[in-house]
file structure01.txt (compact mmCIF, C-alpha atoms and all ligand atoms)
# COMPACT_ATOMS: atom_id res chain seq x y z
CA MET R 1 -187.37 -2.58 -28.83
CA ASN R 2 -189.20 -5.39 -27.05
CA ASN R 3 -187.64 -7.29 -24.14
CA PHE R 4 -186.06 -10.59 -25.11
CA GLU R 5 -183.95 -13.56 -24.07
CA PHE R 6 -181.59 -15.18 -26.53
CA LYS R 7 -179.77 -18.48 -26.31
CA ASN R 8 -178.56 -20.51 -29.25
CA PRO R 9 -176.37 -23.42 -28.17
CA THR R 10 -175.65 -24.93 -31.62
CA LYS R 11 -171.97 -25.12 -32.53
CA ILE R 12 -171.42 -24.22 -36.19
CA ILE R 13 -168.49 -25.76 -38.02
CA PHE R 14 -168.34 -23.88 -41.30
CA GLY R 15 -166.11 -24.17 -44.34
CA LYS R 16 -164.35 -26.16 -47.02
CA ASP R 17 -163.75 -29.82 -46.20
CA SER R 18 -165.30 -29.47 -42.76
CA ILE R 19 -167.17 -32.81 -42.88
CA LYS R 20 -164.03 -34.59 -41.72
CA LYS R 21 -164.30 -32.68 -38.42
CA LEU R 22 -167.30 -34.89 -37.58
CA GLU R 23 -164.86 -37.23 -35.92
CA ASN R 24 -164.24 -34.75 -33.09
CA GLU R 25 -167.89 -34.01 -32.40
CA ILE R 26 -169.53 -37.37 -31.75
CA PRO R 27 -168.98 -38.76 -28.23
CA LYS R 28 -166.70 -41.82 -28.36
CA ASP R 29 -169.11 -44.11 -26.53
CA ALA R 30 -172.20 -43.11 -28.57
CA LYS R 31 -174.30 -45.53 -30.55
CA VAL R 32 -175.26 -43.43 -33.54
CA LEU R 33 -178.23 -43.55 -35.91
CA LEU R 34 -177.20 -41.95 -39.20
CA LEU R 35 -180.33 -40.54 -40.88
CA TYR R 36 -180.57 -39.49 -44.51
CA GLY R 37 -183.04 -38.87 -47.32
CA GLY R 38 -183.68 -40.34 -50.75
CA GLY R 39 -180.07 -41.16 -51.54
CA SER R 40 -178.54 -37.97 -53.00
CA ILE R 41 -175.73 -38.27 -50.43
CA LYS R 42 -174.66 -41.57 -51.95
CA LYS R 43 -174.27 -40.00 -55.42
CA ASN R 44 -172.48 -36.79 -54.46
CA GLY R 45 -169.84 -38.23 -52.14
CA ILE R 46 -171.18 -36.79 -48.88
CA TYR R 47 -172.06 -40.24 -47.55
CA ASP R 48 -168.51 -41.47 -48.15
CA GLN R 49 -167.05 -38.42 -46.39
CA VAL R 50 -169.32 -39.01 -43.39
CA LYS R 51 -168.53 -42.72 -43.18
CA LYS R 52 -164.81 -42.03 -43.41
CA ALA R 53 -164.98 -39.47 -40.60
CA LEU R 54 -166.93 -41.92 -38.45
CA ALA R 55 -164.83 -45.00 -39.12
CA LYS R 56 -164.32 -45.58 -35.39
CA VAL R 57 -167.94 -44.99 -34.35
CA ASP R 58 -170.67 -47.58 -33.76
CA ILE R 59 -173.25 -46.64 -36.43
CA VAL R 60 -176.66 -47.88 -37.57
CA GLU R 61 -178.18 -46.31 -40.70
CA PHE R 62 -181.69 -45.25 -41.65
CA GLY R 63 -182.28 -43.83 -45.14
CA GLY R 64 -185.39 -42.90 -47.06
CA ILE R 65 -186.72 -39.88 -45.19
CA PRO R 66 -188.71 -38.12 -47.92
CA ALA R 67 -188.93 -34.39 -48.64
CA ASN R 68 -191.58 -33.06 -46.24
CA PRO R 69 -190.61 -35.70 -43.65
CA GLU R 70 -193.35 -38.25 -43.33
CA TYR R 71 -194.61 -39.33 -39.92
CA ALA R 72 -195.10 -43.00 -40.91
CA VAL R 73 -191.48 -43.28 -42.12
CA LEU R 74 -190.21 -41.60 -38.97
CA MET R 75 -192.14 -44.08 -36.84
CA ASP R 76 -190.12 -46.85 -38.53
CA ALA R 77 -186.94 -44.99 -37.59
CA LEU R 78 -188.19 -44.64 -34.00
CA LYS R 79 -188.47 -48.42 -33.81
CA VAL R 80 -184.83 -48.73 -34.92
CA ILE R 81 -183.80 -46.24 -32.20
CA LYS R 82 -185.54 -48.35 -29.54
CA ASP R 83 -184.48 -51.78 -30.88
CA GLU R 84 -180.85 -50.78 -31.39
CA LYS R 85 -180.58 -48.75 -28.17
CA ILE R 86 -179.38 -45.70 -30.06
CA THR R 87 -177.97 -42.83 -27.93
CA TYR R 88 -177.10 -40.19 -30.55
CA LEU R 89 -178.63 -39.07 -33.86
CA LEU R 90 -176.85 -37.69 -36.90
CA ALA R 91 -178.86 -36.04 -39.68
CA VAL R 92 -177.15 -35.83 -43.07
CA GLY R 93 -179.44 -33.88 -45.38
CA GLY R 94 -181.58 -30.81 -45.93
CA GLY R 95 -184.42 -29.43 -43.84
CA SER R 96 -186.51 -32.57 -44.22
CA VAL R 97 -183.90 -34.96 -42.82
CA ILE R 98 -182.95 -32.52 -40.06
CA ASP R 99 -186.60 -31.90 -39.12
CA GLY R 100 -187.29 -35.63 -39.15
CA THR R 101 -184.31 -36.10 -36.85
CA LYS R 102 -185.66 -33.42 -34.50
CA PHE R 103 -188.96 -35.27 -34.32
CA LEU R 104 -187.07 -38.48 -33.48
CA SER R 105 -184.94 -36.69 -30.88
CA SER R 106 -188.16 -35.66 -29.16
CA ALA R 107 -190.11 -38.89 -29.74
CA ALA R 108 -187.25 -41.07 -28.41
CA LEU R 109 -187.67 -39.57 -24.94
CA PHE R 110 -191.42 -38.88 -25.11
CA GLU R 111 -193.49 -40.52 -22.41
CA GLY R 112 -197.02 -39.69 -23.59
CA ASP R 113 -199.49 -41.94 -25.45
CA THR R 114 -198.43 -41.39 -29.06
CA PRO R 115 -195.64 -39.22 -30.50
CA TRP R 116 -198.22 -37.61 -32.80
CA ASP R 117 -199.36 -35.72 -29.68
CA ILE R 118 -196.08 -33.76 -29.80
CA LEU R 119 -197.43 -32.21 -33.02
CA SER R 120 -201.19 -32.26 -32.62
CA LYS R 121 -201.16 -31.06 -28.99
CA ASN R 122 -198.28 -28.69 -29.55
CA ILE R 123 -196.11 -30.18 -26.77
CA ARG R 124 -192.80 -28.34 -26.39
CA THR R 125 -189.66 -30.45 -26.24
CA GLU R 126 -187.59 -29.43 -23.22
CA LYS R 127 -185.15 -32.32 -23.61
CA GLY R 128 -184.44 -34.52 -26.61
CA MET R 129 -181.93 -37.18 -27.60
CA PRO R 130 -178.73 -35.31 -28.61
CA PHE R 131 -178.14 -34.94 -32.34
CA GLY R 132 -175.82 -33.28 -34.81
CA THR R 133 -176.27 -32.41 -38.47
CA VAL R 134 -174.32 -32.33 -41.71
CA LEU R 135 -176.23 -29.83 -43.85
CA THR R 136 -176.52 -30.70 -47.55
CA LEU R 137 -179.01 -28.05 -48.67
CA PRO R 138 -179.03 -24.41 -47.53
CA ALA R 139 -182.64 -23.26 -47.11
CA THR R 140 -184.55 -23.79 -43.89
CA GLY R 141 -182.12 -22.76 -41.14
CA SER R 142 -183.11 -25.97 -39.33
CA GLU R 143 -179.40 -26.63 -38.76
CA MET R 144 -179.29 -23.85 -36.17
CA ASN R 145 -182.79 -23.59 -34.77
CA SER R 146 -185.08 -25.64 -32.57
CA GLY R 147 -188.11 -25.98 -34.84
CA ALA R 148 -189.33 -28.76 -37.13
CA VAL R 149 -192.27 -29.36 -39.44
CA ILE R 150 -193.65 -32.88 -39.94
CA THR R 151 -196.07 -34.14 -42.58
CA ARG R 152 -198.66 -36.89 -42.23
CA LYS R 153 -199.99 -38.11 -45.57
CA GLU R 154 -202.78 -40.16 -44.03
CA THR R 155 -204.54 -37.04 -42.75
CA LYS R 156 -203.01 -34.50 -45.18
CA GLU R 157 -201.58 -32.56 -42.26
CA LYS R 158 -198.33 -30.64 -41.85
CA LEU R 159 -197.66 -29.46 -38.31
CA ALA R 160 -194.84 -27.69 -36.50
CA MET R 161 -193.07 -28.57 -33.27
CA GLY R 162 -190.18 -27.19 -31.26
CA GLY R 163 -188.65 -26.36 -27.92
CA PRO R 164 -185.28 -25.65 -26.33
CA GLY R 165 -184.38 -29.36 -26.36
CA LEU R 166 -184.31 -29.43 -30.16
CA PHE R 167 -181.25 -27.37 -31.07
CA PRO R 168 -178.63 -29.48 -32.84
CA VAL R 169 -175.53 -29.97 -30.67
CA PHE R 170 -173.45 -29.11 -33.74
CA SER R 171 -173.96 -28.52 -37.44
CA ILE R 172 -171.38 -28.94 -40.15
CA LEU R 173 -171.75 -26.49 -43.05
CA ASP R 174 -169.49 -27.17 -46.01
CA PRO R 175 -170.65 -24.88 -48.85
CA GLN R 176 -169.10 -27.26 -51.41
CA VAL R 177 -172.13 -29.56 -50.91
CA ILE R 178 -174.30 -27.28 -53.03
CA ALA R 179 -172.46 -28.31 -56.22
CA SER R 180 -174.81 -31.28 -56.69
CA ILE R 181 -178.11 -29.58 -55.78
CA PRO R 182 -180.60 -29.40 -58.70
CA GLN R 183 -181.65 -25.90 -59.88
CA ARG R 184 -185.15 -26.35 -58.52
CA GLN R 185 -183.85 -26.97 -55.00
CA LEU R 186 -181.30 -24.14 -55.20
CA ALA R 187 -184.11 -21.76 -56.12
CA ASN R 188 -186.23 -23.18 -53.29
CA GLY R 189 -183.42 -22.55 -50.81
CA LEU R 190 -182.98 -18.94 -51.89
CA MET R 191 -186.75 -18.40 -51.79
CA ASP R 192 -187.25 -20.01 -48.38
CA ALA R 193 -184.46 -18.06 -46.67
CA PHE R 194 -185.65 -14.81 -48.27
CA THR R 195 -189.17 -15.36 -46.94
CA HIS R 196 -187.86 -16.29 -43.48
CA VAL R 197 -186.37 -12.83 -43.27
CA LEU R 198 -189.57 -11.20 -44.55
CA GLU R 199 -191.67 -13.04 -41.92
CA GLN R 200 -189.54 -11.48 -39.18
CA TYR R 201 -189.25 -8.04 -40.77
CA MET R 202 -192.39 -7.16 -42.73
CA THR R 203 -194.50 -6.10 -39.77
CA TYR R 204 -194.49 -2.54 -38.34
CA PRO R 205 -191.66 -0.23 -37.26
CA THR R 206 -190.42 -0.68 -33.69
CA GLU R 207 -187.20 1.34 -33.73
CA ALA R 208 -185.20 -1.87 -33.63
CA LEU R 209 -182.51 -0.39 -35.80
CA LEU R 210 -180.00 -3.20 -35.61
CA GLN R 211 -182.51 -6.00 -36.19
CA ASP R 212 -183.87 -4.17 -39.25
CA ARG R 213 -180.39 -3.81 -40.67
CA PHE R 214 -179.50 -7.44 -39.94
CA ALA R 215 -182.64 -8.44 -41.86
CA GLU R 216 -181.99 -6.06 -44.75
CA SER R 217 -178.40 -7.21 -45.09
CA ILE R 218 -179.48 -10.85 -45.37
CA LEU R 219 -182.06 -9.93 -48.03
CA GLN R 220 -179.46 -7.93 -49.96
CA THR R 221 -176.95 -10.75 -49.77
CA ILE R 222 -179.48 -13.30 -51.05
CA ILE R 223 -180.44 -10.99 -53.95
CA GLU R 224 -176.76 -10.49 -54.79
CA VAL R 225 -175.71 -14.13 -54.74
CA ALA R 226 -178.88 -15.69 -56.20
CA PRO R 227 -177.92 -15.39 -59.90
CA LYS R 228 -174.38 -16.58 -59.17
CA VAL R 229 -175.56 -19.61 -57.19
CA LEU R 230 -178.04 -20.57 -59.92
CA LYS R 231 -175.50 -20.07 -62.71
CA ASP R 232 -172.65 -21.94 -61.08
CA PRO R 233 -173.17 -23.82 -57.81
CA THR R 234 -169.44 -24.62 -57.71
CA ASP R 235 -168.67 -20.90 -57.21
CA TYR R 236 -167.44 -21.18 -53.61
CA LYS R 237 -167.69 -17.47 -52.86
CA ALA R 238 -171.37 -17.41 -53.81
CA ALA R 239 -172.07 -20.80 -52.20
CA SER R 240 -170.59 -19.81 -48.84
CA ASN R 241 -172.53 -16.54 -48.72
CA PHE R 242 -175.72 -18.35 -49.71
CA MET R 243 -175.25 -20.99 -47.05
CA TRP R 244 -174.48 -18.63 -44.19
CA SER R 245 -177.36 -16.31 -45.19
CA CYS R 246 -179.82 -19.20 -44.97
CA THR R 247 -178.59 -20.13 -41.50
CA MET R 248 -178.64 -16.54 -40.25
CA ALA R 249 -182.14 -16.01 -41.66
CA LEU R 250 -183.65 -18.42 -39.15
CA ASN R 251 -181.39 -19.02 -36.17
CA GLY R 252 -183.37 -16.76 -33.87
CA LEU R 253 -181.13 -13.72 -34.00
CA ILE R 254 -183.07 -11.36 -36.26
CA GLN R 255 -186.42 -11.98 -34.55
CA LYS R 256 -185.28 -10.95 -31.09
CA GLY R 257 -186.92 -7.78 -29.78
CA VAL R 258 -189.22 -7.36 -32.78
CA PRO R 259 -192.74 -8.49 -33.75
CA THR R 260 -192.95 -11.40 -36.20
CA ASP R 261 -195.63 -12.52 -38.63
CA TRP R 262 -195.27 -16.16 -39.86
CA ALA R 263 -198.75 -16.20 -41.43
CA VAL R 264 -197.25 -16.81 -44.89
CA HIS R 265 -195.73 -20.03 -43.57
CA ALA R 266 -198.92 -21.06 -41.78
CA MET R 267 -200.92 -20.78 -45.02
CA GLY R 268 -198.08 -22.20 -47.13
CA HIS R 269 -197.83 -25.37 -45.04
CA GLU R 270 -201.45 -26.13 -45.88
CA LEU R 271 -200.68 -25.95 -49.60
CA THR R 272 -197.89 -28.50 -49.13
CA ALA R 273 -200.18 -30.69 -47.04
CA LEU R 274 -203.02 -30.53 -49.59
CA PHE R 275 -201.10 -30.55 -52.90
CA GLY R 276 -197.52 -31.59 -52.12
CA ILE R 277 -196.16 -28.28 -53.48
CA ASP R 278 -192.52 -27.63 -52.46
CA HIS R 279 -192.40 -25.62 -49.23
CA ALA R 280 -190.57 -22.63 -50.74
CA ARG R 281 -192.99 -22.43 -53.67
CA THR R 282 -196.00 -22.24 -51.38
CA LEU R 283 -194.42 -19.13 -49.85
CA ALA R 284 -194.05 -17.53 -53.29
CA VAL R 285 -197.76 -18.20 -53.87
CA ILE R 286 -198.95 -16.72 -50.58
CA ALA R 287 -196.54 -13.85 -49.84
CA PRO R 288 -197.61 -11.40 -52.59
CA SER R 289 -201.32 -11.69 -51.72
CA HIS R 290 -200.54 -11.50 -48.03
CA TYR R 291 -198.64 -8.23 -48.44
CA LYS R 292 -201.31 -6.78 -50.72
CA PHE R 293 -204.13 -7.77 -48.38
CA ASN R 294 -202.33 -6.36 -45.30
CA PHE R 295 -201.02 -3.35 -47.16
CA GLU R 296 -202.18 -0.68 -44.67
CA ALA R 297 -200.75 -2.51 -41.66
CA LYS R 298 -197.41 -3.25 -43.34
CA LYS R 299 -196.81 -0.31 -45.65
CA GLU R 300 -194.28 1.50 -43.45
CA LYS R 301 -191.99 -1.52 -43.43
CA LEU R 302 -192.71 -2.30 -47.09
CA ALA R 303 -191.60 1.22 -47.98
CA GLN R 304 -188.46 0.95 -45.84
CA TYR R 305 -187.65 -2.35 -47.54
CA ALA R 306 -188.24 -0.77 -50.97
CA GLU R 307 -185.79 2.01 -50.18
CA ARG R 308 -183.08 0.09 -48.42
CA VAL R 309 -183.14 -3.26 -50.20
CA TRP R 310 -184.36 -2.36 -53.72
CA ASN R 311 -183.20 1.27 -53.91
CA SER R 312 -186.76 2.32 -54.87
CA THR R 313 -187.03 5.84 -53.57
CA ASP R 314 -189.66 7.38 -55.88
CA GLY R 315 -193.02 8.63 -54.62
CA ASN R 316 -194.72 8.54 -51.25
CA THR R 317 -194.96 5.68 -48.73
CA ASP R 318 -197.77 3.97 -50.67
CA ASP R 319 -195.88 4.17 -53.97
CA LYS R 320 -192.75 2.70 -52.44
CA ALA R 321 -194.69 -0.03 -50.66
CA TYR R 322 -196.37 -1.06 -53.94
CA ALA R 323 -193.03 -1.04 -55.71
CA ALA R 324 -191.66 -3.30 -52.98
CA ILE R 325 -194.30 -5.94 -53.67
CA GLU R 326 -193.70 -5.73 -57.42
CA LYS R 327 -189.93 -6.03 -57.03
CA THR R 328 -190.38 -9.01 -54.73
CA VAL R 329 -192.62 -10.84 -57.19
CA ALA R 330 -190.20 -10.09 -60.03
CA PHE R 331 -187.37 -11.51 -57.93
CA PHE R 332 -189.31 -14.74 -57.31
CA HIS R 333 -189.90 -15.02 -61.06
CA GLU R 334 -186.18 -14.48 -61.70
CA LEU R 335 -185.56 -17.46 -59.46
CA GLY R 336 -187.83 -19.41 -61.82
CA ILE R 337 -190.58 -19.70 -59.23
CA ASP R 338 -194.28 -19.27 -60.11
CA THR R 339 -196.40 -17.17 -57.79
CA LYS R 340 -199.98 -18.36 -58.35
CA LEU R 341 -201.64 -21.47 -56.97
CA SER R 342 -203.12 -22.18 -60.43
CA ASP R 343 -199.54 -22.54 -61.74
CA TYR R 344 -199.19 -25.64 -59.55
CA THR R 345 -202.63 -27.30 -59.56
CA LYS R 346 -205.88 -27.20 -61.51
CA ASP R 347 -207.73 -28.38 -58.41
CA TYR R 348 -207.57 -25.15 -56.47
CA GLU R 349 -211.33 -24.36 -56.15
CA GLY R 350 -212.39 -24.60 -52.51
CA THR R 351 -208.83 -24.46 -51.15
CA ALA R 352 -209.28 -21.12 -49.41
CA GLU R 353 -212.41 -22.29 -47.61
CA LYS R 354 -210.73 -25.55 -46.62
CA ILE R 355 -207.70 -23.80 -45.13
CA ALA R 356 -209.86 -21.26 -43.28
CA GLN R 357 -211.91 -24.14 -41.84
CA ARG R 358 -208.77 -25.97 -40.71
CA PHE R 359 -207.49 -22.86 -38.93
CA THR R 360 -210.89 -22.40 -37.25
CA ASP R 361 -210.89 -26.05 -36.11
CA ARG R 362 -207.39 -25.67 -34.66
CA GLY R 363 -208.34 -22.47 -32.86
CA TRP R 364 -205.95 -20.39 -35.00
CA LEU R 365 -208.23 -17.40 -34.89
CA GLY R 366 -205.69 -14.58 -34.99
CA LEU R 367 -202.38 -15.00 -36.82
CA GLY R 368 -199.76 -12.41 -37.67
CA GLU R 369 -197.96 -9.67 -35.78
CA HIS R 370 -201.24 -8.19 -34.50
CA GLN R 371 -202.89 -11.58 -33.85
CA SER R 372 -205.69 -10.24 -36.01
CA LEU R 373 -205.53 -12.39 -39.13
CA SER R 374 -208.74 -14.35 -38.66
CA PRO R 375 -209.79 -17.35 -40.77
CA ASP R 376 -212.07 -15.19 -42.94
CA LYS R 377 -209.06 -13.03 -43.85
CA VAL R 378 -206.97 -16.13 -44.50
CA GLU R 379 -209.68 -17.27 -46.89
CA LYS R 380 -209.50 -13.97 -48.81
CA ILE R 381 -205.69 -14.07 -49.03
CA VAL R 382 -205.60 -17.64 -50.33
CA LYS R 383 -208.31 -16.76 -52.91
CA MET R 384 -206.22 -13.79 -54.08
CA ALA R 385 -203.37 -16.28 -54.62
CA TYR R 386 -205.34 -18.54 -57.03
O1 LIG L 1 -183.70 -36.81 -50.15
P1 LIG L 1 -182.42 -36.55 -50.82
O2 LIG L 1 -181.97 -37.63 -51.71
O3 LIG L 1 -181.34 -36.13 -49.85
O4 LIG L 1 -182.62 -35.32 -51.84
C1 LIG L 1 -183.00 -34.04 -51.40
C2 LIG L 1 -184.48 -33.76 -51.66
O5 LIG L 1 -184.94 -34.45 -52.77
C3 LIG L 1 -182.33 -33.02 -52.28
N1 LIG L 1 -180.97 -32.66 -51.79
C4 LIG L 1 -180.61 -32.22 -50.58
N2 LIG L 1 -179.28 -31.95 -50.55
C5 LIG L 1 -178.80 -32.25 -51.78
C6 LIG L 1 -179.88 -32.70 -52.57
N3 LIG L 1 -179.71 -33.10 -53.86
C7 LIG L 1 -178.46 -33.05 -54.36
N4 LIG L 1 -177.38 -32.59 -53.66
C8 LIG L 1 -177.52 -32.19 -52.37
N5 LIG L 1 -176.44 -31.71 -51.70
O6 LIG L 1 -183.16 -31.87 -52.19
C9 LIG L 1 -184.51 -32.29 -52.03
C10 LIG L 1 -185.20 -31.43 -51.00
O7 LIG L 1 -184.65 -31.63 -49.73
P2 LIG L 1 -185.42 -31.10 -48.43
O8 LIG L 1 -184.60 -31.47 -47.25
O9 LIG L 1 -186.84 -31.54 -48.46
O10 LIG L 1 -185.42 -29.53 -48.67
P3 LIG L 1 -185.44 -28.33 -47.66
O11 LIG L 1 -184.11 -28.16 -47.02
O12 LIG L 1 -185.98 -27.22 -48.43
O13 LIG L 1 -186.45 -28.75 -46.49
C11 LIG L 1 -187.84 -28.61 -46.63
C12 LIG L 1 -188.56 -29.03 -45.36
O14 LIG L 1 -188.14 -28.21 -44.25
C13 LIG L 1 -189.29 -27.59 -43.65
C14 LIG L 1 -190.24 -27.52 -44.80
O15 LIG L 1 -191.56 -27.31 -44.39
C15 LIG L 1 -190.05 -28.85 -45.49
O16 LIG L 1 -190.75 -29.87 -44.81
N6 LIG L 1 -188.94 -26.33 -43.00
C16 LIG L 1 -188.24 -26.40 -41.85
C17 LIG L 1 -187.94 -25.27 -41.11
C18 LIG L 1 -187.20 -25.35 -39.83
N7 LIG L 1 -186.99 -26.52 -39.28
O17 LIG L 1 -186.80 -24.35 -39.27
C19 LIG L 1 -188.36 -23.93 -41.53
C20 LIG L 1 -188.85 -23.86 -42.93
O18 LIG L 1 -189.73 -22.77 -43.02
C21 LIG L 1 -189.54 -25.08 -43.42
O19 LIG L 1 -190.89 -25.10 -42.99
ZN ZN L 2 -189.70 -21.71 -44.72
call {"tool": "encode", "arguments": {"input": "structure01.txt", "output": "structure tokens", "more": "lines below"}}
Ligand code: NZQ
Ligand code: ZN
result
Amino acid sequence: MNNFEFKNPTKIIFGKDSIKKLENEIPKDAKVLLLYGGGSIKKNGIYDQVKKALAKVDIVEFGGIPANPEYAVLMDALKVIKDEKITYLLAVGGGSVIDGTKFLSSAALFEGDTPWDILSKNIRTEKGMPFGTVLTLPATGSEMNSGAVITRKETKEKLAMGGPGLFPVFSILDPQVIASIPQRQLANGLMDAFTHVLEQYMTYPTEALLQDRFAESILQTIIEVAPKVLKDPTDYKAASNFMWSCTMALNGLIQKGVPTDWAVHAMGHELTALFGIDHARTLAVIAPSHYKFNFEAKKEKLAQYAERVWNSTDGNTDDKAYAAIEKTVAFFHELGIDTKLSDYTKDYEGTAEKIAQRFTDRGWLGLGEHQSLSPDKVEKIVKMAY
């Protein structure tokens, strides 16, 4: 096992009717900016629950953060933070609203030229404006981690940021919120969390027995609850297991002491930036080709995953590893998610070259657990995904 340090300061408040506990979490003297997305919270009652819990708090509101949080919109919110002398942020939404709030937490205290530098120059956030979240969509794990991904339409870019200053102070997770989530977004959530685990697991064996079993148990839980969540999002038992699995998939725990990959996400983000494809769906497009292309380097773990997660025990290591990829693709299809780029756009010619060029320009010359996935390999993987 590799050496590691682990600190996750986010307080999780989980369970039925937990939104009312907001009242106890926001400092009494805070001036709060309540941030939300396209308005789903106004239709499903979450907004009313939040407002009721915060009846005694000084609040300003900012709605309209789009899926794949847009830099230009966030810059409008930053102006509100400065003009209104906001001291505390509250995100009510999915990964996009939470990530947008993380950007604002950082930008509000940023002293450089332009907040875009935080993303383009990869500046870590050591201290941000404090913020809490009310999660409305289980998927990203953003409610309990310190990362964010921001999109800029103007330049068709989607870049990541992070740092120890960007953990939410608290996150409220009421699984009942999933009742109003459309099927497409439920499937996206299951897909995203599943791939988060794969990115931290599908590398090479390191005798990290506990981390492997944490990862496998999250994968198994997602596979078990997926059909139930999709069939009936008011099934509380399934909803609560789904929600907690998504959080645990990316709160830092399972990646400690083990190598991680994250190349699927790196390539996937480009597909969102170029074509606007939902984040989770870009992962379904890239992951199968990525595992096929890196078969030799990953086959030990693929075979272990086949045995322990899919109960595929026939044949040798290669047979099991192949079966693992097939089972994974079949699972994505069962979620109703297409796995080829051509399923999403007719304009895919030249995409692989474009992404490889972008990675070269950014100096991303060796991704993955061996830092050996060079832009020419990225190009081949993306082409395999057409
Ligand atoms: O905007 P509203 O009206 O709220 O509607 C949203 C949005 O249209 C809707 N929704 C959310 N909760 C709902 C609901 N509709 C009905 N009922 C509810 N309870 O769902 C749509 C998608 O929301 P979004 O927040 O965009 O989805 P998600 O949570 O999948 O977040 C995706 C973003 O997170 C980033 C992605 O790249 C993408 O930008 N990620 C963030 C990560 C992190 N911070 O750790 C890791 C991930 O890998 C990912 O990159
Ligand atoms: Zn993801």
call {"tool": "closest_residue", "arguments": {"input": "structure01.txt", "among": "R:Lys56, R:Lys256, R:His279, R:Lys85", "to": "ligand LIG 1 (chain L)", "atoms": "all atoms listed in the file"}}
result
R:His279
call {"tool": "residues_around", "arguments": {"input": "structure01.txt", "residues": "Asp278 (chain R)", "least_positions_apart": "3", "cutoff": "9 Å", "atoms": "only C-alpha atoms", "output": "list of chain:residue names"}}
result
R:Ala67, R:Asn68, R:Asn188, R:Leu271, R:Thr272, R:Arg281, R:Thr282
call {"tool": "write_last_selection", "arguments": {"input": "structure01.txt", "atoms": "C-alpha atoms", "output": "short mmCIF file (atom, residue, chain, number, x, y, z; two decimals), keeping the file's coordinate frame"}}
result
data_model
loop_
_atom_site.label_atom_id
_atom_site.label_comp_id
_atom_site.auth_asym_id
_atom_site.auth_seq_id
_atom_site.Cartn_x
_atom_site.Cartn_y
_atom_site.Cartn_z
CA ALA R 67 -188.93 -34.39 -48.64
CA ASN R 68 -191.58 -33.06 -46.24
CA ASN R 188 -186.23 -23.18 -53.29
CA LEU R 271 -200.68 -25.95 -49.60
CA THR R 272 -197.89 -28.50 -49.13
CA ARG R 281 -192.99 -22.43 -53.67
CA THR R 282 -196.00 -22.24 -51.38
#
call {"tool": "closest_residue", "arguments": {"input": "structure01.txt", "among": "R:Ser312, R:Thr339, R:Ser18, R:Asn145", "to": "Lys327 (chain R)", "atoms": "all atoms listed in the file"}}
result
R:Ser312
call {"tool": "atom_distance", "arguments": {"input": "structure01.txt", "atom1": "CA of Phe131 (chain R)", "atom2": "CA of Pro168 (chain R)"}}
result
5.5 Å
call {"tool": "closest_residue", "arguments": {"input": "structure01.txt", "among": "R:Thr351, R:Gln211, R:Ser142, R:Thr195", "to": "Met1 (chain R)", "atoms": "all atoms listed in the file"}}
result
R:Gln211
call {"tool": "atom_distance", "arguments": {"input": "structure01.txt", "atom1": "atom C19 of ligand LIG 1 (chain L)", "atom2": "CA of Gly141 (chain R)"}}
result
6.4 Å
call {"tool": "residues_near_ligand", "arguments": {"input": "structure01.txt", "ligand": "ligand LIG 1 (chain L)", "cutoff": "7 Å", "atoms": "all atoms listed in the file", "output": "number ranges by chain"}}
result
R: 36-41, 44, 65-69, 93-97, 99, 136-142, 145, 147-150, 177-182, 185, 188-189, 192, 196, 250, 265, 269, 279-280
call {"tool": "closest_residue", "arguments": {"input": "structure01.txt", "among": "R:Tyr236, R:Tyr291, R:Trp262, R:Phe14", "to": "ligand ZN 2 (chain L)", "atoms": "only C-alpha atoms and all ligand atoms"}}
result
R:Trp262
call {"tool": "atom_distance", "arguments": {"input": "structure01.txt", "atom1": "CA of Lys31 (chain R)", "atom2": "CA of Thr87 (chain R)"}}
result
5.3 Å
call {"tool": "closest_residue", "arguments": {"input": "structure01.txt", "among": "R:Trp244, R:Asn251, R:Leu78, R:Leu190", "to": "Ser146 (chain R)", "atoms": "only C-alpha atoms"}}
result
R:Asn251
call {"tool": "decode", "arguments": {"input": "structure01.txt", "residues": "region 116-120 of chain R", "atoms": "N, CA, C and O atoms", "output": "CSV table (one decimal), in the first residue's frame"}}
result
chain,number,residue,atom,x,y,z
R,116,TRP,N,-10.4,33.3,-14.0
R,116,TRP,CA,-10.1,32.2,-14.9
R,116,TRP,C,-8.8,31.5,-14.7
R,116,TRP,O,-8.6,30.3,-14.9
R,117,ASP,N,-7.8,32.3,-14.1
R,117,ASP,CA,-6.5,31.8,-13.8
R,117,ASP,C,-6.6,30.6,-12.9
R,117,ASP,O,-5.7,29.7,-12.9
R,118,ILE,N,-7.6,30.6,-12.0
R,118,ILE,CA,-7.7,29.5,-11.0
R,118,ILE,C,-7.8,28.2,-11.8
R,118,ILE,O,-7.2,27.1,-11.4
R,119,LEU,N,-8.5,28.2,-13.0
R,119,LEU,CA,-8.7,27.0,-13.8
R,119,LEU,C,-7.5,26.9,-14.8
R,119,LEU,O,-6.9,25.8,-14.9
R,120,SER,N,-7.2,27.9,-15.5
R,120,SER,CA,-6.3,27.8,-16.6
R,120,SER,C,-4.8,27.6,-16.1
R,120,SER,O,-4.0,26.9,-16.7
